[in-house]
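Asker: Below is a structure I'd like to ask you about.
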Protein chains: 2
Amino acid sequence: MEQISLDQVFRENNLKRTKLRIALLGCLINAKHAQSYIDLKERLGIEVDKSTLYRNLSAFEEAGIIHRINDHSGVSKYAFGKVDNHEGNHAHFVCEQCETVFCVEENLNFEIKVPKGFKTRSVQTIITGICSAC
Amino acid sequence: MEQISLDQVFRENNLKRTKLRIALLGCLINAKHAQSYIDLKERLGIEVDKSTLYRNLSAFEEAGIIHRINDHSGVSKYAFGKVDNHEGNHAHFVCEQCETVFCVEENLNFEIKVPKGFKTRSVQTIITGICSAC
DNA sequence: TTTCAAATGCAACTAAGTTGCATTTGTATT
DNA sequence: AATACAAATGCAACTTAGTTGCATTTGAAA
């Protein structure tokens, strides 16, 4: 696995290197599955302001550092990396029991025909089922 | 196109045939794209109680009469029919501009490999892009 | 070390969706 | 047609995710 330099990520995206951002991005990188606001808040340990956290998540998302997943629960979850790389998109697996969201590493490279006049920009796939732990 | 009898749908699913349900299901059947709570409320015209509407949407969803779509906006949208029929799943197209959600009629019949121990139950695909009207 | 935009913290707000409970209504039964 | 009862409705109050405006603080560049 390739080592990631946080400093580089921040510099490349014109984001100031603050304590919270370092901790937050660390959380997201090390997470084994997608994290909600609540998950992140707990994981961070330190007291964090809600709006600051959300603003940072938005900033990271806009910069393409993380991506947001919206499953059936209505609560947004965030995961490190982009949904689509040069080889295709990846899917998300949502466990019905524990509600954990995993990024499925297999790349999807299918095309979906859309009606005339429609232009596709991105494709997100959500799989529901039962995870190995449940 | 096949004619649908609302009475039959209600009877089959053990749902009482109320004024609101008839109007609501009518709205959903006739809609050209997926409807949010707000869309439905406006479309119905009549005064509707929020919780009653939501409860009915849940009831319809549980009965498999309609399905719920969760796009990036965080607001649930509802569309008539099931996501998956005997031929595969259908995808949803979300317009980035007008936020309209369309059901894409093409059936998807691909398989996604999930990690060992994971069991897939359903697959939902969301396409974002620009619709023909925008 | 100064400077300034960008980031933070706080409080107040918005909006989606839920819950509990009293009242009403659809339908099955007599 | 009258009765009976569960299921559906309406209302009010609540919960929770996420946002906004603004004063204060801080990172980094000059």
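How things are named: the first chain in the structure tokens is A, the next is B, and so on; residues count from 1 in each chain; ligands count from 1 in the order shown.
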Counting only C-alpha atoms (C1' of nucleotides), which residues of chain C come no farther than 9 Å from chain B, as a list in words?

Answerer: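 The contacting residues on chain C are DA16, DG17, DT18, DT25, DG26 and DT27 of chain C.
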
Asker: Identify, on the basis of only C-alpha atoms (C1' of nucleotides), every residue whose closest approach to Gln97 of chain B does not exceed 9 Å; exclude the query and any residue fewer than 6 positions from it along the same chain; express the result as a tab-separated table (two decimals) with C-alpha atoms, in the first residue's frame.

Answerer:
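This is the output file out_36.tsv:
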chain	number	residue	atom	x	y	z
B	129	GLY	CA	-25.98	14.16	-14.85
B	130	ILE	CA	-28.07	16.61	-16.81
B	131	CYS	CA	-31.59	15.75	-17.96
B	134	CYS	CA	-32.06	21.29	-18.55

Asker: Enumerate, in order of chain and increasing residue number, the residues of chain B with an atom no farther than 8 Å from chain A, each with its shortest atom pair and distance in Å to one decimal, counting only C-alpha atoms, as CSV.

Answerer:
residue,atom,partner,partner_atom,distance
B:Ile69,CA,A:His72,CA,7.6
B:Asn70,CA,A:His72,CA,6.0
B:Asp71,CA,A:Asn70,CA,6.4
B:His72,CA,A:Asn70,CA,6.0
B:Gly74,CA,A:Gly74,CA,5.9
B:Val75,CA,A:Gly74,CA,7.5
B:Ser76,CA,A:Gly74,CA,7.6
B:Val104,CA,A:Val114,CA,6.6
B:Glu106,CA,A:Lys113,CA,6.9
B:Leu108,CA,A:Ile112,CA,7.8
B:Ile112,CA,A:Glu106,CA,7.6
B:Lys113,CA,A:Glu106,CA,6.8
B:Val114,CA,A:Val104,CA,6.5
B:Pro115,CA,A:Val104,CA,7.6
B:Lys116,CA,A:Ser132,CA,7.1
B:Gly117,CA,A:Ser132,CA,4.3
B:Phe118,CA,A:Cys131,CA,4.5
B:Lys119,CA,A:Ile130,CA,5.1
B:Thr120,CA,A:Gly129,CA,4.4
B:Arg121,CA,A:Gly129,CA,4.6
B:Ser122,CA,A:Thr128,CA,5.2
B:Val123,CA,A:Ile127,CA,4.4
B:Gln124,CA,A:Ile126,CA,5.1
B:Thr125,CA,A:Thr125,CA,4.3
B:Ile126,CA,A:Gln124,CA,5.1
B:Ile127,CA,A:Val123,CA,4.4
B:Thr128,CA,A:Ser122,CA,5.2
B:Gly129,CA,A:Thr120,CA,4.4
B:Ile130,CA,A:Lys119,CA,5.1
B:Cys131,CA,A:Phe118,CA,4.5
B:Ser132,CA,A:Gly117,CA,4.3
B:Ala133,CA,A:Gly117,CA,8.0

Asker: Using C-alpha atoms, can you write the selected residues to a file as a PDB file, in the first residue's frame?

Answerer:
ATOM      1  CA  ILE B  69     -34.818   6.647  -3.696  1.00  0.00           C
ATOM      2  CA  ASN B  70     -32.100   8.382  -1.717  1.00  0.00           C
ATOM      3  CA  ASP B  71     -29.972  10.645  -3.820  1.00  0.00           C
ATOM      4  CA  HIS B  72     -27.248  13.051  -2.784  1.00  0.00           C
ATOM      5  CA  GLY B  74     -30.684  13.792   1.440  1.00  0.00           C
ATOM      6  CA  VAL B  75     -34.397  14.115   0.699  1.00  0.00           C
ATOM      7  CA  SER B  76     -36.194  10.846   0.011  1.00  0.00           C
ATOM      8  CA  VAL B 104     -34.236   4.632 -16.058  1.00  0.00           C
ATOM      9  CA  GLU B 106     -33.245  -0.173 -18.954  1.00  0.00           C
ATOM     10  CA  LEU B 108     -29.438  -3.815 -15.234  1.00  0.00           C
ATOM     11  CA  ILE B 112     -20.953  -7.317  -8.312  1.00  0.00           C
ATOM     12  CA  LYS B 113     -18.461  -9.392  -6.391  1.00  0.00           C
ATOM     13  CA  VAL B 114     -18.680  -8.649  -2.697  1.00  0.00           C
ATOM     14  CA  PRO B 115     -16.056  -9.697  -0.125  1.00  0.00           C
ATOM     15  CA  LYS B 116     -16.199 -13.179   1.407  1.00  0.00           C
ATOM     16  CA  GLY B 117     -18.968 -13.588   3.937  1.00  0.00           C
ATOM     17  CA  PHE B 118     -21.023 -10.718   2.528  1.00  0.00           C
ATOM     18  CA  LYS B 119     -24.497 -11.457   1.182  1.00  0.00           C
ATOM     19  CA  THR B 120     -26.117  -9.207  -1.397  1.00  0.00           C
ATOM     20  CA  ARG B 121     -29.843  -8.625  -1.188  1.00  0.00           C
ATOM     21  CA  SER B 122     -30.469  -5.640  -3.434  1.00  0.00           C
ATOM     22  CA  VAL B 123     -28.586  -3.299  -5.720  1.00  0.00           C
ATOM     23  CA  GLN B 124     -29.532   0.330  -6.344  1.00  0.00           C
ATOM     24  CA  THR B 125     -27.808   2.516  -8.870  1.00  0.00           C
ATOM     25  CA  ILE B 126     -27.925   6.305  -8.988  1.00  0.00           C
ATOM     26  CA  ILE B 127     -26.724   8.150 -12.063  1.00  0.00           C
ATOM     27  CA  THR B 128     -26.115  11.875 -11.854  1.00  0.00           C
ATOM     28  CA  GLY B 129     -25.976  14.165 -14.846  1.00  0.00           C
ATOM     29  CA  ILE B 130     -28.075  16.606 -16.805  1.00  0.00           C
ATOM     30  CA  CYS B 131     -31.593  15.752 -17.960  1.00  0.00           C
ATOM     31  CA  SER B 132     -32.994  16.549 -21.385  1.00  0.00           C
ATOM     32  CA  ALA B 133     -35.040  19.494 -20.112  1.00  0.00           C
TER      33      ALA B 133
END

Asker: Any idea which chain D residues end up within 9 Å of chain B if we count only C-alpha atoms (C1' of nucleotides), as a VMD selection string please?

Answerer: chain D and resid 7 to 11

Asker: Could the residues in this selection be written to a file with C-alpha atoms (C1' of nucleotides), as a PDB file, in the first residue's frame?

Answerer:
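Just written: again11.pdb:
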ATOM      1  C1'  DA D   7     -56.901   0.694  11.036  1.00  0.00           C
ATOM      2  C1'  DA D   8     -56.253   5.432   9.295  1.00  0.00           C
ATOM      3  C1'  DT D   9     -56.221  10.252  10.237  1.00  0.00           C
ATOM      4  C1'  DG D  10     -55.096  14.829  12.352  1.00  0.00           C
ATOM      5  C1'  DC D  11     -52.736  17.338  15.614  1.00  0.00           C
TER       6       DC D  11
END

Asker: Among chain A, which ones does DSSP assign to strand (DSSP E) (computed from the backbone)? Answer as a VMD selection string.

Answerer: chain A and resid 35 to 36 66 to 70 76 to 80 84 to 85 88 to 95 101 to 108 119 to 130

Asker: Next, the residues of the selection above should be written as a compact mmCIF listing (two decimals), in the first residue's frame with C-alpha atoms.

Answerer:
# COMPACT_ATOMS: atom_id res chain seq x y z
CA GLN A 35 -18.16 7.25 8.66
CA SER A 36 -21.15 9.39 9.59
CA ILE A 66 -13.30 12.04 0.21
CA HIS A 67 -16.69 11.04 -1.11
CA ARG A 68 -20.12 11.10 0.43
CA ILE A 69 -22.46 8.14 0.39
CA ASN A 70 -26.21 8.39 0.83
CA SER A 76 -24.65 10.89 4.99
CA LYS A 77 -21.50 8.84 5.36
CA TYR A 78 -18.03 9.76 4.23
CA ALA A 79 -15.15 7.69 2.96
CA PHE A 80 -11.61 8.48 1.89
CA ASP A 84 -14.40 6.79 -9.52
CA ASN A 85 -10.82 6.24 -10.45
CA GLY A 88 -14.24 2.75 -13.17
CA ASN A 89 -16.51 3.38 -10.22
CA HIS A 90 -16.69 1.47 -7.01
CA ALA A 91 -19.87 0.37 -5.27
CA HIS A 92 -20.91 0.70 -1.63
CA PHE A 93 -22.17 -2.13 0.50
CA VAL A 94 -24.64 -1.23 3.26
CA CYS A 95 -25.25 -3.85 5.92
CA VAL A 101 -21.13 1.10 4.85
CA PHE A 102 -18.18 -0.53 3.09
CA CYS A 103 -16.52 0.51 -0.13
CA VAL A 104 -16.46 -2.49 -2.45
CA GLU A 105 -13.09 -2.60 -4.08
CA GLU A 106 -14.10 -4.21 -7.34
CA ASN A 107 -14.29 -1.62 -10.09
CA LEU A 108 -17.47 -1.43 -12.09
CA LYS A 119 -26.01 13.24 -20.07
CA THR A 120 -24.37 10.98 -17.50
CA ARG A 121 -21.71 12.42 -15.25
CA SER A 122 -21.34 9.89 -12.46
CA VAL A 123 -22.70 6.55 -11.39
CA GLN A 124 -23.07 5.41 -7.79
CA THR A 125 -24.13 1.93 -6.80
CA ILE A 126 -25.42 0.91 -3.40
CA ILE A 127 -25.66 -2.76 -2.50
CA THR A 128 -27.67 -3.78 0.54
CA GLY A 129 -27.28 -7.08 2.32
CA ILE A 130 -25.60 -8.66 5.32

Asker: Considering only C-alpha atoms (C1' of nucleotides), return as a PyMOL selection string whatever protein or nucleic-acid residues lie within 10 Å of DT14 of chain C, sequence-local ones (same chain, fewer than 4 positions apart) excluded.

Answerer: chain D and resi 18-20

Asker: Would you output that residue set with N, CA and C atoms (P, O5', C5', C4', C3', O3' and C1' of nucleotides), as a PDB file, in the first residue's frame?

Answerer:
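Output contents, as saved in again_4.pdb:
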ATOM      1  P    DG D  18     -26.316  14.567   7.788  1.00  0.00           P
ATOM      2  O5'  DG D  18     -26.354  16.140   7.611  1.00  0.00           O
ATOM      3  C5'  DG D  18     -27.357  16.694   6.761  1.00  0.00           C
ATOM      4  C4'  DG D  18     -27.406  18.174   6.975  1.00  0.00           C
ATOM      5  C3'  DG D  18     -26.093  18.931   6.755  1.00  0.00           C
ATOM      6  O3'  DG D  18     -26.234  19.712   5.575  1.00  0.00           O
ATOM      7  C1'  DG D  18     -27.336  19.769   8.587  1.00  0.00           C
ATOM      8  P    DT D  19     -25.247  20.880   5.172  1.00  0.00           P
ATOM      9  O5'  DT D  19     -25.939  22.175   5.802  1.00  0.00           O
ATOM     10  C5'  DT D  19     -27.293  22.462   5.483  1.00  0.00           C
ATOM     11  C4'  DT D  19     -27.600  23.893   5.873  1.00  0.00           C
ATOM     12  C3'  DT D  19     -26.571  24.921   5.417  1.00  0.00           C
ATOM     13  O3'  DT D  19     -27.315  26.007   4.875  1.00  0.00           O
ATOM     14  C1'  DT D  19     -26.886  25.089   7.748  1.00  0.00           C
ATOM     15  P    DT D  20     -26.579  27.178   4.089  1.00  0.00           P
ATOM     16  O5'  DT D  20     -26.640  28.417   5.088  1.00  0.00           O
ATOM     17  C5'  DT D  20     -27.773  28.569   5.930  1.00  0.00           C
ATOM     18  C4'  DT D  20     -27.597  29.812   6.786  1.00  0.00           C
ATOM     19  C3'  DT D  20     -26.517  30.786   6.322  1.00  0.00           C
ATOM     20  O3'  DT D  20     -26.973  32.106   6.575  1.00  0.00           O
ATOM     21  C1'  DT D  20     -26.017  30.065   8.495  1.00  0.00           C
TER      22       DT D  20
END

Asker: Please return as number ranges by chain: the residues of chain B that backbone DSSP assigns to alpha helix (DSSP H).

Answerer: B: 6-12, 19-30, 37-44, 50-63
